[in-house]
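> Before I ask anything, let me first share the structure, which is written out below as structure tokens.
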Amino acid sequence: MSGSLSKPGIVLSLEGRVAVITGGSRGIGAACVRMFTQAGAKVVFNYQKAKAEADKLAAECGGNEQCIAVQAELSTTESCATLIDAAVKNFGKVDILVGNHGVWPPHDAPVDQMTDEQWRSTLAINLDSIFGLVKHGVAAMKKQRSGGHIVLISSTAGQRGEAFHCDYAASKGAMISMVKGLSTELARDGIYVNCVAPGWVETDMAAPALRDPEIGKRVFATIPLGRAGKPEEIAATVLFLCTAHAGFINGEILNANGGAVLVG
């Protein structure tokens, strides 16, 4: 559950909470790991291949006593179970799930030319494994009977679509519908379910497009604030939704995209 409001002098606190953050080795995920541990949470996050970077981040954020990196390739409904198990084994419980991992194929793919393989791969990573994360995480939360928070990372593409990326847009749109349904289903268990929808963010995944002079110019023209977001700005939004300060927010799609979704 949301718990009591944080003490005077502590703006946003997750003291005593245990969070599972997917895609935590870089970008928005790494910013979440840093911010959550700074707020007092114990964190389990996954990495796929970047072991050195993940181990360095875990050490920076408190090491085994507070932050653990787990190798996991999240592309099936069962693949997230190891992260939930690791949280329970090492820290005794799961209070927070942040579904942040995902893939955005950078090349344009008209629908009549998109391969079945790309479609299946994007949906498996962006949606099937998110379902698995929620399924296994909620099972742990219900067993604990102490409520919890789930925040899924969608996108502006999930709300207004994205030409030549129908696989990505479909996966992120489905995630929004999942949040709306789960928020009513799980409210009786004290489990809050919300969504953060970033636009363009300065991450490794977006870097090739943002650094391209032509593409970058077109991108920034669609953002009223005139720039891409920073991973920390998205992480702060996620953190807020997991604190007592968001105690009456449930089933919300919180846009953190510089106003881009308003002009799409």
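Labels used: A, B, ... for chains in the order of the structure tokens, numbers from 1 for residues in each chain, and numbers from 1 for ligands as shown.
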Please tabulate, as CSV, the residues of segment 19-115 of chain A that come within 8 Å of segment 123-136 of chain A, each with its closest pair of atoms and the distance in Å to one decimal, counting only C-alpha atoms and ordering rows by chain, then residue number upward.

residue,atom,partner,partner_atom,distance
A:Leu74,CA,A:Ser129,CA,5.8
A:Ser75,CA,A:Ile125,CA,4.3
A:Thr76,CA,A:Ser129,CA,4.9
A:Thr77,CA,A:Gly132,CA,4.1
A:Glu78,CA,A:Gly132,CA,5.7
A:Ser79,CA,A:Ser129,CA,6.6
A:Cys80,CA,A:Leu133,CA,5.1
A:Ala81,CA,A:His136,CA,5.9
A:Ile84,CA,A:His136,CA,6.8
A:Leu97,CA,A:Val134,CA,7.6
A:Gly99,CA,A:Ile130,CA,6.3
A:His101,CA,A:Asn126,CA,7.1
A:Gly102,CA,A:Asn126,CA,4.9
A:Val103,CA,A:Asn126,CA,6.6
> Apply DSSP to the structure's backbone, then extract all residues of segment 16-59 of chain A labelled strand (DSSP E or B) and return them as an MDAnalysis selection string.
chainID A and resid 18:21 42:47
> Output N, CA and C atoms for every residue in the selection just made, as a tab-separated table (two decimals), in the first residue's frame.

chain	number	residue	atom	x	y	z
A	18	VAL	N	10.90	-2.77	-1.38
A	18	VAL	CA	11.70	-3.60	-2.29
A	18	VAL	C	11.13	-3.48	-3.69
A	19	ALA	N	11.98	-3.08	-4.64
A	19	ALA	CA	11.53	-2.85	-6.01
A	19	ALA	C	12.23	-3.77	-6.99
A	20	VAL	N	11.48	-4.24	-7.98
A	20	VAL	CA	12.04	-4.96	-9.13
A	20	VAL	C	11.92	-4.04	-10.33
A	21	ILE	N	13.04	-3.72	-10.95
A	21	ILE	CA	13.08	-2.80	-12.09
A	21	ILE	C	13.67	-3.53	-13.29
A	42	LYS	N	15.34	-1.07	-1.60
A	42	LYS	CA	16.23	-2.13	-2.05
A	42	LYS	C	15.75	-2.55	-3.43
A	43	VAL	N	16.70	-2.79	-4.34
A	43	VAL	CA	16.35	-2.95	-5.75
A	43	VAL	C	16.97	-4.21	-6.34
A	44	VAL	N	16.17	-4.93	-7.12
A	44	VAL	CA	16.67	-5.98	-8.00
A	44	VAL	C	16.38	-5.53	-9.42
A	45	PHE	N	17.41	-5.54	-10.27
A	45	PHE	CA	17.19	-5.17	-11.66
A	45	PHE	C	17.87	-6.17	-12.57
A	46	ASN	N	17.45	-6.20	-13.82
A	46	ASN	CA	18.04	-7.16	-14.75
A	46	ASN	C	18.90	-6.47	-15.80
A	47	TYR	N	19.80	-7.25	-16.36
A	47	TYR	CA	20.57	-6.85	-17.53
A	47	TYR	C	20.57	-8.04	-18.48
> For each of A:Leu186, A:Ala39, A:Val261, A:Leu12, take the minimum atom-to-atom distance to Ala246 of chain A, counting only C-alpha atoms, then give the residue where this is smallest.
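Closest to Ala246 of chain A of all the choices is A:Leu12.
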> Write down as a PyMOL selection string the residues belonging to segment 21-187 of chain A that are assigned alpha helix (DSSP H) by DSSP computed on the backbone.
chain A and resi 27-38+51-60+81-91+116-123+129-144+157-160+166-186
> Pick the closest to Val179 of chain A from A:Ser146, A:Gln159, A:Ser154, A:Thr82: which is it, counting only C-alpha atoms?
A:Ser154
> Could you tell me how far atom CA of Gln48 of chain A lies from atom CA of Ala86 of chain A, in Å and to one decimal?
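One can read the atom CA of Gln48 of chain A to atom CA of Ala86 of chain A distance as 15.7 Å.
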> Could you tell me which of A:Val151, A:Ala221, A:Ala228, A:Ile234 comes closest to Lys180 of chain A if we count only C-alpha atoms?
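Among A:Val151, A:Ala221, A:Ala228, A:Ile234, it is A:Val151 that comes nearest to Lys180 of chain A.
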> Tell me which protein, DNA and RNA residues are within 12 Å of Gly147 of chain A, counting only C-alpha atoms, leaving out same-chain ones fewer than 5 positions away, and put them as a list of chain:residue names.
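Residues meeting the cut-off are A:Met1, A:Ser2, A:Gly3, A:Arg17, A:Lys93, A:Val94, A:Asp95, A:Ile96, A:Leu97, A:Gly137, A:Val138, A:Ala139, A:Ala140, A:Met141, A:Lys142, A:Leu186, A:Ala187, A:Arg188, A:Asp189, A:Gly190, A:Ile191, A:Tyr192, A:Val193, A:Cys242.
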> Between A:Ile253, A:Ala52, A:Ala174, A:Val98, which has the minimum distance to Leu239 of chain A (counting only C-alpha atoms)?
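Ranked by minimum distance to Leu239 of chain A, first place goes to A:Val98.
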> List as a ChimeraX atom specification the protein and nucleic acid residues near segment 197-211 of chain A, meaning an atom at most 7 Å away when only C-alpha atoms are counted, but skip any in the same chain fewer than 2 places from it.
/A:27,153-156,195,213,215-216,228-231,234,253-257,260
> Next, the residues of the selection above should be written as a short mmCIF file (atom, residue, chain, number, x, y, z; two decimals), in the first residue's frame with C-alpha atoms.

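Below is the file that was written, again_23.cif:
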data_model
loop_
_atom_site.label_atom_id
_atom_site.label_comp_id
_atom_site.auth_asym_id
_atom_site.auth_seq_id
_atom_site.Cartn_x
_atom_site.Cartn_y
_atom_site.Cartn_z
CA GLY A 27 18.91 4.59 -19.76
CA ILE A 153 6.60 2.37 -19.11
CA SER A 154 4.56 2.95 -22.26
CA SER A 155 5.12 5.70 -24.84
CA THR A 156 3.47 8.47 -26.80
CA CYS A 195 1.71 4.03 -16.44
CA PRO A 213 20.60 15.96 -38.28
CA ILE A 215 15.63 13.09 -38.06
CA GLY A 216 16.63 15.05 -34.98
CA ALA A 228 14.32 15.28 -25.66
CA GLY A 229 13.77 14.23 -22.08
CA LYS A 230 16.48 13.08 -19.71
CA PRO A 231 16.32 9.59 -18.15
CA ILE A 234 11.30 9.93 -16.38
CA ILE A 253 -1.38 7.36 -17.91
CA LEU A 254 1.09 10.03 -16.84
CA ASN A 255 2.68 11.78 -19.81
CA ALA A 256 6.31 12.82 -19.44
CA ASN A 257 7.10 13.90 -22.98
CA ALA A 260 4.63 16.04 -27.50
#
> Compare A:Tyr168, A:Phe36, A:Phe240, A:Phe91 by their minimum atom-to-atom distance to Ser121 of chain A, counting only C-alpha atoms, and give me the closest one.
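Ranking A:Tyr168, A:Phe36, A:Phe240, A:Phe91 by distance to Ser121 of chain A, first place goes to A:Tyr168.
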> Please indicate the distance in Å from atom CA of Ala170 of chain A to atom CA of Asn250 of chain A, rounded to one decimal place.
22.6 Å
> Would you mind reading off the distance between atom CA of Ala41 of chain A and atom CA of Arg26 of chain A, one decimal, in Å?
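Between atom CA of Ala41 of chain A and atom CA of Arg26 of chain A the gap works out to 18.4 Å.
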> Closest to Thr237 of chain A among A:Met35, A:Val111, A:Leu14, A:Ala58, using only C-alpha atoms?
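Nearest candidate to Thr237 of chain A out of A:Met35, A:Val111, A:Leu14, A:Ala58: A:Met35.
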